[in-house]
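Student: Here you go, this is protein_31.cif (mmCIF, C-alpha atoms).
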```cif
data_start
#
loop_
_atom_site.label_atom_id
_atom_site.label_comp_id
_atom_site.auth_asym_id
_atom_site.auth_seq_id
_atom_site.Cartn_x
_atom_site.Cartn_y
_atom_site.Cartn_z
CA MET A 296 -6.50 1.52 2.50
CA GLY A 297 -4.45 -0.53 4.91
CA PRO A 298 -1.12 -1.74 3.64
CA LEU A 299 -1.95 -1.49 -0.06
CA PHE A 300 -1.82 2.24 -0.64
CA PRO A 301 1.06 3.37 1.62
CA GLN A 302 3.23 0.61 0.19
CA GLY A 303 2.51 1.78 -3.35
CA LEU A 304 0.77 -1.44 -4.39
CA ILE A 305 -2.27 0.40 -5.74
CA SER A 306 -2.47 3.82 -7.37
CA GLU A 307 -4.21 6.81 -5.86
CA PRO A 308 -7.18 6.81 -8.30
CA LEU A 309 -7.75 3.11 -7.60
CA ASN A 310 -7.47 3.77 -3.88
CA LEU A 311 -10.13 6.47 -4.13
CA LEU A 312 -12.35 4.28 -6.30
CA ILE A 313 -12.20 1.46 -3.74
CA ALA A 314 -12.94 3.94 -0.96
CA PHE A 315 -15.91 5.24 -2.98
CA ILE A 316 -17.36 1.75 -3.45
CA ILE A 317 -16.83 0.79 0.20
CA GLY A 318 -18.41 4.13 1.21
CA ILE A 319 -21.54 3.44 -0.82
CA GLY A 320 -21.78 -0.03 0.69
CA PHE A 321 -21.34 1.39 4.17
CA GLY A 322 -24.06 3.99 3.59
CA ILE A 323 -26.49 1.39 2.26
CA GLY A 324 -25.70 -0.83 5.24
CA LEU A 325 -26.31 1.98 7.74
CA GLU A 326 -29.60 2.93 6.14
CA ALA A 327 -30.77 -0.68 5.81
CA ALA A 328 -29.98 -1.38 9.46
CA GLY A 329 -32.02 1.65 10.50
CA PHE A 330 -29.05 3.57 11.89
CA THR A 331 -30.23 6.76 10.25
CA ASN A 332 -33.01 6.79 12.82
CA THR A 333 -31.90 8.98 15.72
CA ARG A 334 -33.69 6.74 18.20
CA LYS A 335 -31.37 3.84 17.45
CA LEU A 336 -28.31 5.76 18.58
CA ALA A 337 -29.94 7.48 21.50
CA GLY A 338 -31.40 4.10 22.51
CA VAL A 339 -27.98 2.96 23.68
CA PHE A 340 -27.98 5.74 26.26
CA TYR A 341 -31.57 5.26 27.40
CA GLY A 342 -31.24 1.50 27.41
CA TYR A 343 -34.11 0.52 25.13
CA ASP A 344 -32.11 -0.40 22.02
CA PHE A 345 -28.55 -1.74 21.91
CA VAL A 346 -28.33 -2.65 18.25
CA VAL A 347 -25.71 0.03 17.58
CA LEU A 348 -23.43 -1.27 20.30
CA LYS A 349 -23.85 -4.86 19.15
CA VAL A 350 -23.24 -4.06 15.50
CA PHE A 351 -20.13 -1.98 16.05
CA PHE A 352 -18.65 -4.25 18.68
CA THR A 353 -19.21 -7.23 16.36
CA ALA A 354 -17.74 -5.34 13.42
CA ALA A 355 -14.66 -4.35 15.40
CA MET A 356 -14.08 -7.88 16.68
CA THR A 357 -14.64 -9.42 13.23
CA ALA A 358 -12.11 -7.03 11.73
CA ALA A 359 -9.60 -7.58 14.52
CA ILE A 360 -9.86 -11.38 14.42
CA GLY A 361 -9.76 -11.44 10.63
CA LEU A 362 -6.77 -9.15 10.34
CA PHE A 363 -4.71 -10.90 13.01
CA LEU A 364 -5.57 -14.34 11.61
CA MET A 365 -4.34 -13.17 8.20
CA ASP A 366 -1.24 -11.83 9.93
CA ALA A 367 -0.66 -15.15 11.71
CA TYR A 368 -0.79 -17.03 8.41
CA GLY A 369 1.39 -14.53 6.57
CA LEU A 370 -1.26 -13.05 4.27
CA ILE A 371 -0.68 -9.53 5.51
CA ASP A 372 1.88 -7.87 7.75
CA ILE A 373 -0.03 -6.14 10.52
CA LYS A 374 2.99 -3.96 11.22
CA LEU A 375 2.46 -2.23 7.87
CA THR A 376 -1.05 -1.09 8.73
CA PHE A 377 -1.51 2.44 9.92
CA TYR A 378 -2.63 3.50 13.34
CA PRO A 379 -2.15 6.91 14.87
CA HIS A 380 -0.17 8.02 17.89
CA THR A 381 -2.09 8.14 21.14
CA TYR A 382 -2.63 11.37 23.07
CA TRP A 383 -4.89 10.21 25.88
CA ILE A 384 -6.02 13.57 27.32
CA PRO A 385 -7.39 15.15 24.12
CA THR A 386 -8.79 11.74 23.13
CA ALA A 387 -10.72 11.44 26.39
CA ILE A 388 -12.08 14.99 26.08
CA ALA A 389 -13.06 14.43 22.46
CA GLY A 390 -14.74 11.17 23.44
CA VAL A 391 -16.95 12.97 25.93
CA ILE A 392 -17.85 15.65 23.36
CA MET A 393 -18.59 13.02 20.72
CA GLY A 394 -20.71 11.01 23.13
CA LEU A 395 -22.73 14.10 24.04
CA GLY A 396 -23.15 14.79 20.33
CA PHE A 397 -24.46 11.26 19.79
CA LEU A 398 -26.89 11.62 22.65
CA ILE A 399 -28.20 15.10 21.86
CA GLY A 400 -28.18 14.90 18.07
CA GLY A 401 -28.90 11.22 17.67
CA PHE A 402 -26.37 10.85 14.88
CA CYS A 403 -22.75 9.98 14.49
CA PRO A 404 -20.90 11.80 11.72
CA GLY A 405 -21.43 8.88 9.32
CA THR A 406 -25.11 8.29 10.00
CA SER A 407 -25.84 12.04 9.84
CA VAL A 408 -24.69 12.16 6.21
CA CYS A 409 -26.73 9.04 5.39
CA ALA A 410 -29.79 10.47 7.11
CA ALA A 411 -29.34 13.82 5.38
CA THR A 412 -29.41 12.10 1.98
CA THR A 413 -32.68 10.41 2.94
CA GLY A 414 -34.15 13.88 3.53
CA LYS A 415 -34.13 14.21 7.31
CA ILE A 416 -33.91 17.92 8.10
CA ASP A 417 -32.42 17.45 11.57
CA ALA A 418 -29.65 15.40 9.95
CA MET A 419 -28.94 18.20 7.48
CA MET A 420 -28.61 20.64 10.38
CA PHE A 421 -26.33 18.13 12.08
CA VAL A 422 -24.07 18.03 9.02
CA VAL A 423 -23.98 21.85 8.94
CA GLY A 424 -22.99 21.75 12.60
CA VAL A 425 -20.25 19.22 11.85
CA PHE A 426 -18.77 21.58 9.26
CA ILE A 427 -19.01 24.58 11.57
CA GLY A 428 -17.13 22.53 14.15
CA ILE A 429 -14.49 21.50 11.63
CA PHE A 430 -13.86 25.08 10.52
CA PHE A 431 -13.92 26.39 14.07
CA TYR A 432 -11.27 23.87 15.07
CA ALA A 433 -9.17 24.54 11.98
CA PHE A 434 -9.18 28.34 12.32
CA THR A 435 -8.68 28.47 16.08
CA TYR A 436 -6.21 25.57 16.22
CA GLU A 437 -3.13 27.66 16.99
CA PRO A 438 -4.48 29.92 19.76
CA LEU A 439 -6.85 27.43 21.41
CA PHE A 440 -6.04 23.81 20.72
CA GLU A 441 -2.38 23.41 19.89
CA THR A 442 -1.23 22.94 23.50
CA LEU A 443 -4.08 20.60 24.36
CA ARG A 444 -3.49 18.59 21.22
CA GLY A 445 0.00 17.58 22.39
CA THR A 446 -0.82 16.59 25.99
CA GLY A 447 -0.86 13.03 27.26
CA LYS A 448 1.46 11.77 24.54
CA MET A 449 1.97 8.03 24.64
CA GLY A 450 3.47 7.41 21.22
CA GLN A 451 2.30 4.67 18.88
CA VAL A 452 1.05 2.10 21.38
CA ASP A 453 -1.39 -0.74 21.27
CA ILE A 454 -2.98 -1.93 24.48
CA ALA A 455 -1.78 -5.52 24.19
CA GLU A 456 1.82 -4.38 23.93
CA TRP A 457 1.32 -1.85 26.70
CA ILE A 458 0.13 -4.42 29.25
CA GLY A 459 2.52 -7.02 27.89
CA ILE A 460 0.30 -9.80 26.53
CA SER A 461 0.09 -11.27 23.04
CA ASP A 462 -2.27 -9.79 20.47
CA GLY A 463 -4.15 -13.10 20.23
CA LEU A 464 -4.80 -13.27 23.96
CA PHE A 465 -5.86 -9.63 24.08
CA ILE A 466 -8.35 -10.08 21.24
CA PHE A 467 -9.69 -13.22 22.88
CA ILE A 468 -10.27 -11.32 26.14
CA VAL A 469 -12.00 -8.46 24.35
CA THR A 470 -14.18 -10.95 22.44
CA VAL A 471 -15.26 -12.52 25.72
CA ILE A 472 -16.01 -9.03 27.07
CA ALA A 473 -18.03 -8.32 23.92
CA VAL A 474 -20.08 -11.50 24.26
CA ALA A 475 -20.66 -10.82 27.95
CA SER A 476 -21.79 -7.27 27.14
CA PHE A 477 -24.22 -8.62 24.51
CA VAL A 478 -25.84 -10.81 27.16
CA ILE A 479 -25.94 -8.00 29.73
CA VAL A 480 -27.36 -5.34 27.40
CA ASP A 481 -30.01 -7.82 26.27
CA LYS A 482 -31.13 -8.11 29.90
CA ILE A 483 -31.11 -4.31 30.33
CA GLN A 484 -33.07 -3.86 27.13
CA LYS A 485 -35.74 -6.33 28.22
CA LYS A 486 -36.05 -4.67 31.61
CA VAL A 487 -36.33 -1.15 30.19
CA ASN A 488 -38.80 -2.12 27.50
CA SER A 489 -41.01 -4.04 29.92
CA LYS A 490 -41.65 -0.78 31.79
CA GLY A 491 -43.62 0.51 28.87
CA LYS A 492 -42.76 0.62 25.22
CA ILE A 493 -41.28 3.82 23.85
CA LYS A 494 -43.87 5.36 21.54
CA ASP A 495 -43.22 5.54 17.82
CA ILE A 496 -42.80 8.95 16.24
CA GLU A 497 -46.10 8.56 14.44
CA GLU A 498 -47.95 8.01 17.69
CA LEU A 499 -46.48 11.18 19.17
CA GLY A 500 -47.99 13.15 16.33
CA LEU A 501 -44.75 15.00 15.51
CA MET B 192 -31.52 -14.35 22.47
CA LYS B 193 -32.31 -15.56 18.98
CA THR B 194 -30.69 -18.58 17.36
CA THR B 195 -28.97 -16.42 14.73
CA ASP B 196 -27.52 -14.25 17.50
CA LYS B 197 -26.14 -17.35 19.20
CA PHE B 198 -24.72 -18.55 15.88
CA PHE B 199 -22.84 -15.32 15.23
CA ILE B 200 -21.60 -15.09 18.81
CA GLY B 201 -20.37 -18.66 18.46
CA LEU B 202 -18.63 -17.75 15.22
CA LEU B 203 -16.93 -14.78 16.88
CA LEU B 204 -15.74 -16.91 19.81
CA PHE B 205 -14.55 -19.62 17.43
CA GLY B 206 -12.49 -17.03 15.55
CA ALA B 207 -11.03 -15.66 18.76
CA VAL B 208 -10.04 -19.12 19.99
CA TRP B 209 -8.56 -19.94 16.60
CA LEU B 210 -6.51 -16.76 16.75
CA LEU B 211 -5.35 -17.67 20.25
CA LEU B 212 -4.16 -21.07 19.02
CA ALA B 213 -2.77 -19.84 15.70
CA PRO B 214 0.94 -20.41 15.23
CA SER B 215 2.87 -17.34 16.26
CA LYS B 216 4.98 -15.87 13.53
CA PRO B 217 8.72 -16.32 13.77
CA GLU B 218 10.20 -13.20 15.24
CA LEU B 219 11.73 -11.27 12.41
CA LYS B 220 15.35 -10.49 13.02
CA GLU B 221 16.79 -7.09 12.52
CA ILE B 222 18.59 -6.84 9.21
CA PRO B 223 22.32 -6.34 9.75
CA LEU B 224 23.46 -2.89 8.73
CA LYS B 225 25.84 -4.34 6.15
CA ASP B 226 23.03 -6.13 4.28
CA LEU B 227 20.82 -3.08 4.57
CA VAL B 228 23.41 -0.89 2.91
CA GLN B 229 23.90 -3.45 0.18
CA GLU B 230 20.15 -3.69 -0.33
CA ALA B 231 19.79 0.07 -0.49
CA THR B 232 22.61 0.63 -2.92
CA GLN B 233 21.19 -1.96 -5.28
CA TYR B 234 18.75 0.65 -6.48
CA ASP B 235 21.70 2.03 -8.35
CA ARG B 236 21.73 -1.03 -10.50
CA TYR B 237 18.91 0.07 -12.78
CA VAL B 238 18.91 2.49 -15.66
CA SER B 239 15.68 3.34 -17.45
CA THR B 240 14.92 2.66 -21.09
CA ASP B 241 14.82 6.42 -21.63
CA GLU B 242 18.38 6.80 -20.39
CA VAL B 243 19.49 3.99 -22.69
CA ALA B 244 17.69 5.57 -25.64
CA LYS B 245 19.38 8.89 -24.92
CA ALA B 246 22.77 7.22 -24.75
CA ILE B 247 22.26 5.46 -28.10
CA MET B 248 20.91 8.55 -29.84
CA SER B 249 23.71 10.74 -28.63
CA ASN B 250 26.27 8.05 -29.43
CA ASP B 251 27.50 8.20 -25.88
CA PRO B 252 30.92 6.54 -26.07
CA SER B 253 30.98 5.71 -22.39
CA VAL B 254 28.04 3.31 -22.55
CA ILE B 255 28.27 -0.31 -23.67
CA LEU B 256 25.07 -2.27 -24.14
CA ILE B 257 25.28 -5.97 -23.44
CA ASP B 258 22.54 -8.33 -24.60
CA VAL B 259 22.65 -11.28 -22.19
CA ARG B 260 20.12 -13.40 -24.09
CA SER B 261 20.95 -16.33 -26.36
CA PRO B 262 22.78 -15.64 -29.66
CA GLU B 263 19.62 -16.66 -31.59
CA ALA B 264 17.50 -14.09 -29.84
CA TYR B 265 20.26 -11.57 -30.30
CA LYS B 266 20.26 -12.15 -34.06
CA LYS B 267 16.53 -11.63 -34.29
CA TYR B 268 16.36 -8.34 -32.44
CA THR B 269 18.59 -6.30 -30.25
CA LEU B 270 19.40 -2.72 -29.43
CA PRO B 271 21.59 -0.77 -31.86
CA GLY B 272 25.23 -1.18 -30.98
CA ALA B 273 24.63 -3.90 -28.43
CA ILE B 274 27.02 -6.80 -28.12
CA ASN B 275 25.97 -10.31 -27.17
CA ILE B 276 27.28 -12.01 -24.05
CA PRO B 277 24.88 -14.79 -23.02
CA VAL B 278 24.46 -14.89 -19.28
CA ASP B 279 26.02 -18.37 -18.97
CA SER B 280 29.26 -17.19 -20.51
CA ILE B 281 29.43 -13.85 -18.76
CA LEU B 282 32.56 -14.90 -16.91
CA ASN B 283 34.41 -16.17 -19.97
CA ASP B 284 37.86 -14.69 -20.16
CA GLN B 285 37.21 -13.11 -23.54
CA TYR B 286 34.50 -10.90 -22.07
CA ALA B 287 36.30 -9.98 -18.90
CA ASP B 288 37.31 -6.66 -20.39
CA TYR B 289 33.66 -5.73 -20.75
CA VAL B 290 32.26 -6.72 -17.41
CA ASN B 291 35.26 -6.07 -15.19
CA GLN B 292 36.54 -2.61 -16.00
CA ASP B 293 36.25 0.88 -14.61
CA VAL B 294 36.13 3.01 -17.75
CA TYR B 295 32.75 2.33 -19.33
CA LYS B 296 29.24 2.00 -18.09
CA THR B 297 27.95 -1.39 -19.17
CA VAL B 298 24.21 -1.95 -19.35
CA PHE B 299 22.87 -5.51 -19.29
CA PHE B 300 19.51 -6.22 -20.83
CA SER B 301 17.33 -9.22 -21.63
CA ASN B 302 13.67 -9.67 -22.53
CA GLY B 303 12.50 -8.89 -19.03
CA SER B 304 14.77 -7.96 -16.17
CA SER B 305 15.53 -11.35 -14.65
CA GLU B 306 18.31 -12.59 -16.94
CA ALA B 307 20.03 -9.24 -16.84
CA ASN B 308 19.68 -9.21 -13.06
CA ARG B 309 21.32 -12.63 -12.94
CA ALA B 310 24.26 -11.38 -14.96
CA TRP B 311 24.48 -8.31 -12.77
CA SER B 312 24.38 -10.36 -9.58
CA ILE B 313 27.16 -12.65 -10.78
CA CYS B 314 29.34 -9.65 -11.57
CA ALA B 315 28.40 -7.82 -8.38
CA SER B 316 29.26 -10.83 -6.24
CA LEU B 317 32.75 -10.76 -7.74
CA GLY B 318 33.01 -7.09 -6.93
CA TYR B 319 32.86 -5.89 -10.54
CA LYS B 320 31.78 -2.29 -10.77
CA ASN B 321 30.15 -0.09 -13.41
CA ASN B 322 27.56 -2.66 -14.44
CA TYR B 323 23.89 -1.74 -14.73
CA VAL B 324 20.61 -3.33 -15.73
CA MET B 325 18.12 -1.82 -18.14
CA LYS B 326 14.94 -1.86 -16.09
CA GLY B 327 12.16 -3.91 -17.65
CA GLY B 328 14.39 -5.15 -20.46
CA LEU B 329 13.36 -5.23 -24.10
CA ASN B 330 9.69 -5.58 -23.22
CA GLU B 331 9.86 -2.23 -21.47
CA TRP B 332 11.92 -0.89 -24.37
CA ILE B 333 9.17 -1.78 -26.86
CA ARG B 334 6.48 -0.43 -24.56
CA THR B 335 8.12 2.88 -23.80
CA ILE B 336 10.44 3.70 -26.69
CA ILE B 337 9.23 1.87 -29.80
CA ARG B 338 5.51 2.18 -29.13
CA PRO B 339 5.12 4.94 -26.57
CA GLU B 340 1.63 5.52 -25.31
CA LYS B 341 0.13 8.98 -25.28
CA PRO B 342 -0.29 10.11 -21.69
CA ALA B 343 -3.81 10.81 -20.46
CA GLU B 344 -5.01 14.37 -20.86
CA TRP B 345 -4.73 15.16 -17.18
CA SER B 346 -1.12 14.02 -16.98
CA SER B 347 1.59 16.40 -15.89
CA GLU B 348 3.69 18.46 -18.25
CA GLY B 349 6.64 16.24 -17.45
CA ASP B 350 4.73 13.24 -18.77
CA PHE B 351 4.06 15.05 -22.03
CA ASP B 352 7.70 16.09 -22.36
CA LEU B 353 8.69 12.48 -21.80
CA TYR B 354 6.15 11.39 -24.42
CA GLU B 355 7.53 13.90 -26.93
CA PHE B 356 11.02 12.55 -26.29
CA ARG B 357 9.82 8.99 -26.69
CA LYS B 358 8.01 9.80 -29.93
CA GLY B 359 11.23 11.23 -31.30
CA ALA B 360 13.14 8.23 -30.05
CA SER B 361 10.59 5.93 -31.62
CA ARG B 362 11.15 7.58 -34.99
CA PHE B 363 14.90 7.33 -34.50
CA PHE B 364 14.68 3.61 -33.81
CA GLY B 365 12.18 2.99 -36.60
CA GLY B 366 9.30 2.19 -34.29
CA ALA B 367 5.54 2.38 -34.62
CA ASN B 368 5.46 6.14 -35.00
CA ALA B 369 7.46 5.95 -38.21
CA SER B 370 6.46 2.75 -39.94
CA GLY B 371 3.75 1.06 -37.94
CA SER B 372 5.79 -1.87 -36.74
CA ALA B 373 8.96 -2.39 -34.90
CA GLU B 374 11.67 -3.34 -37.32
CA PRO B 375 14.67 -5.22 -36.22
CA ALA B 376 17.48 -2.87 -35.54
CA ALA B 377 20.51 -2.78 -37.76
CA PRO B 378 22.89 -5.62 -37.08
CA ALA B 379 25.17 -4.75 -34.29
CA PRO B 380 28.37 -3.08 -35.34
CA ALA B 381 31.64 -4.42 -34.22
CA PRO B 382 32.16 -4.01 -30.53
CA ARG B 383 33.84 -0.86 -29.51
CA PRO B 384 37.50 -1.16 -28.73
CA ILE B 385 38.04 -1.60 -25.09
CA ALA B 386 40.74 -0.08 -23.02
CA HIS B 387 42.55 -3.13 -21.82
CA LYS B 388 43.71 -2.80 -18.35
CA LYS B 389 45.71 -4.96 -16.12
CA LYS B 390 43.65 -7.81 -14.87
CA LYS B 391 42.87 -7.73 -11.24
CA GLN B 392 43.81 -10.67 -9.14
CA ALA B 393 40.12 -11.22 -8.66
CA ALA B 394 38.34 -14.38 -7.62
CA ALA B 395 41.22 -16.66 -6.92
CA GLY B 396 40.27 -20.16 -7.94
CA GLY B 397 38.20 -18.79 -10.72
CA CYS B 398 34.55 -19.06 -11.44
CA GLU B 399 34.85 -19.95 -15.10
#
```
Can you turn what I pasted into structure tokens?
Tutor:
Amino acid sequence: MGPLFPQGLISEPLNLLIAFIIGIGFGIGLEAAGFTNTRKLAGVFYGYDFVVLKVFFTAAMTAAIGLFLMDAYGLIDIKLTFYPHTYWIPTAIAGVIMGLGFLIGGFCPGTSVCAATTGKIDAMMFVVGVFIGIFFYAFTYEPLFETLRGTGKMGQVDIAEWIGISDGLFIFIVTVIAVASFVIVDKIQKKVNSKGKIKDIEELGL
Amino acid sequence: MKTTDKFFIGLLLFGAVWLLLAPSKPELKEIPLKDLVQEATQYDRYVSTDEVAKAIMSNDPSVILIDVRSPEAYKKYTLPGAINIPVDSILNDQYADYVNQDVYKTVFFSNGSSEANRAWSICASLGYKNNYVMKGGLNEWIRTIIRPEKPAEWSSEGDFDLYEFRKGASRFFGGANASGSAEPAAPAPAPRPIAHKKKKQAAAGGCE
């Protein structure tokens, strides 16, 4: 919970309660937007549905703009928010694994839990797989992963600082990139879908 | 692209441009080490109501309680054994032996903490030592000592020990646990004799 909890402004039970409420809202949002459907996530890869990309890019930019505006007007101190140290090699590898997981399973860790609660059996298996992965990593951390975990250390960096521009300019550039990507993926989507509509699950008789 | 899409994209771009034009915050300067040390050591200024209660109950001769509120408020209610030095006369010569000495531990208190903090700051700025502030003042005193609240069932053993102590203290001070309402404490006894010591050549020019 951002600057509130680490600075001792709210108690731990309250922190957990807020997290619980936000979690419920997030789950409802995911389900309502149809993200528990595996085809939505896989659609980004196949090019017939870019809603996931649009939603998360918009969410990230909204959060970034909102937080830094509040910082600019003194409502929060962005330096008190938490962000982890960067280790680029393990992050890149994990990104590839996660992307493959998205593509093959059709869920991200969050949507898999949502989908499992709506009764999708593949999502339940996905969640089981997530836990197997977690335990595998935890119990083989020392022999297998400890060295890898520490490679590519860059410390606590943010990109704007790293390339030497202001946070405002950086966020503006990324926003422009986001808008441009929305336009481009819209074109791709139209092109892909004009080749023949992907059949609904019901039509496939599965 | 739908109209709503265009609207939200416009909103996003508007926010980004706004952020770009937003006034940049003044660069915060590094705090000089001297101030940092002073800031850090100020945590020593507070004593808790529990510590004060212990001192009163055990008749600790090394502790002097100083009520910095007005004489009227002092007459209505104060801590047992406390003497009254209103904050605006804290530097009067007649009280110098209380606030500027190195034998006793003096504890300032007021209703909240702010008046006592003011008294403490005045004394600290003159370099007077051995002064403390009762954290939370009399409000905290009533809340913790006179009418202690039972800790929740899942609280730690330490919390229960503290509660037991406070219940005992409450009885000692005639609080809610004994009679149902906080009674004014006995009128303050005569101030303890003070070891007069040679006055320091402090604060030339005087702040009286």
Student: Quick one, how far is CA of Ser476 (chain A) from CA of Tyr368 (chain A)?
Tutor: 29.8 Å
Student: Evaluating the PyMOL selection byres ((chain B and resi 201-205) around 12) on the displayed file yields which residues, as a PyMOL selection string?
Tutor: (chain A and resi 352-361+364+466-475) or (chain B and resi 194-200+206-213)
Student: Please write as an MDAnalysis selection string the full residue list that the PyMOL selection byres ((chain B and resi 240) around 12) yields on this file.
Tutor: chainID B and resid 237:239 241:247 256 270 298:300 303:304 323:337 339 353 356:357 360:361
Student: If we count all atoms listed in the file, what is near region 412-429 of chain A at a cut-off of 10 Å, once residues fewer than 3 positions away on the same chain are taken out, given as a VMD selection string?
Tutor: chain A and resid 322 326 331 to 333 396 400 to 409 432 to 434
Student: Go through the shown structure with the PyMOL selection byres ((chain A and resi 382) around 6) and write out the matching residues as a PyMOL selection string.
Tutor: chain A and resi 381+383-384+447-449
Student: Separation of CA of Gly369 (chain A) and CA of Lys225 (chain B), in Å?
Tutor: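 Interatomic distance, CA of Gly369 (chain A) to CA of Lys225 (chain B): 26.5 Å.
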Student: Please measure the separation of CA of Ser261 (chain B) and CA of Pro277 (chain B), giving the value in Å to one decimal.
Tutor: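 For CA of Ser261 (chain B) relative to CA of Pro277 (chain B), the distance reads 5.4 Å.
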Student: Go through A:Phe315, A:Phe397, A:Phe465, A:Phe330 one by one, measure the shortest atom-to-atom distance of each to chain B using only C-alpha atoms, and give the residue with the smallest value.
Tutor: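 Residue with the minimum atom-to-atom distance to chain B: A:Phe465.
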Student: Using all atoms listed in the file, which protein or nucleic acid residues come within 10 Å of Ala310 (chain B)? Drop anything in the same chain fewer than 3 positions from it, and give the result as a PyMOL selection string.
Tutor: chain B and resi 259+276-282+290+299-301+305-307+313-315+322-324
Student: Using all atoms listed in the file, can you tell me which of A:Leu336, A:Ala327, A:Ile371, A:Met393 comes closest to chain B?
Tutor: A:Ile371
Student: So, counting only C-alpha atoms, which residue among A:Val478, A:Leu375, A:Ala455, A:Leu395 is closest to chain B?
Tutor: A:Val478
Student: If we count only C-alpha atoms and set the cut-off at 8 Å, which residues sit around Tyr295 (chain B), ignoring sequence neighbours fewer than 3 positions away in its own chain? Please answer as a CSV table (one decimal) with C-alpha atoms, in the frame of the given file.
Tutor:
```csv
chain,number,residue,atom,x,y,z
B,253,SER,CA,31.0,5.7,-22.4
B,254,VAL,CA,28.0,3.3,-22.6
B,255,ILE,CA,28.3,-0.3,-23.7
B,292,GLN,CA,36.5,-2.6,-16.0
B,321,ASN,CA,30.2,-0.1,-13.4
```
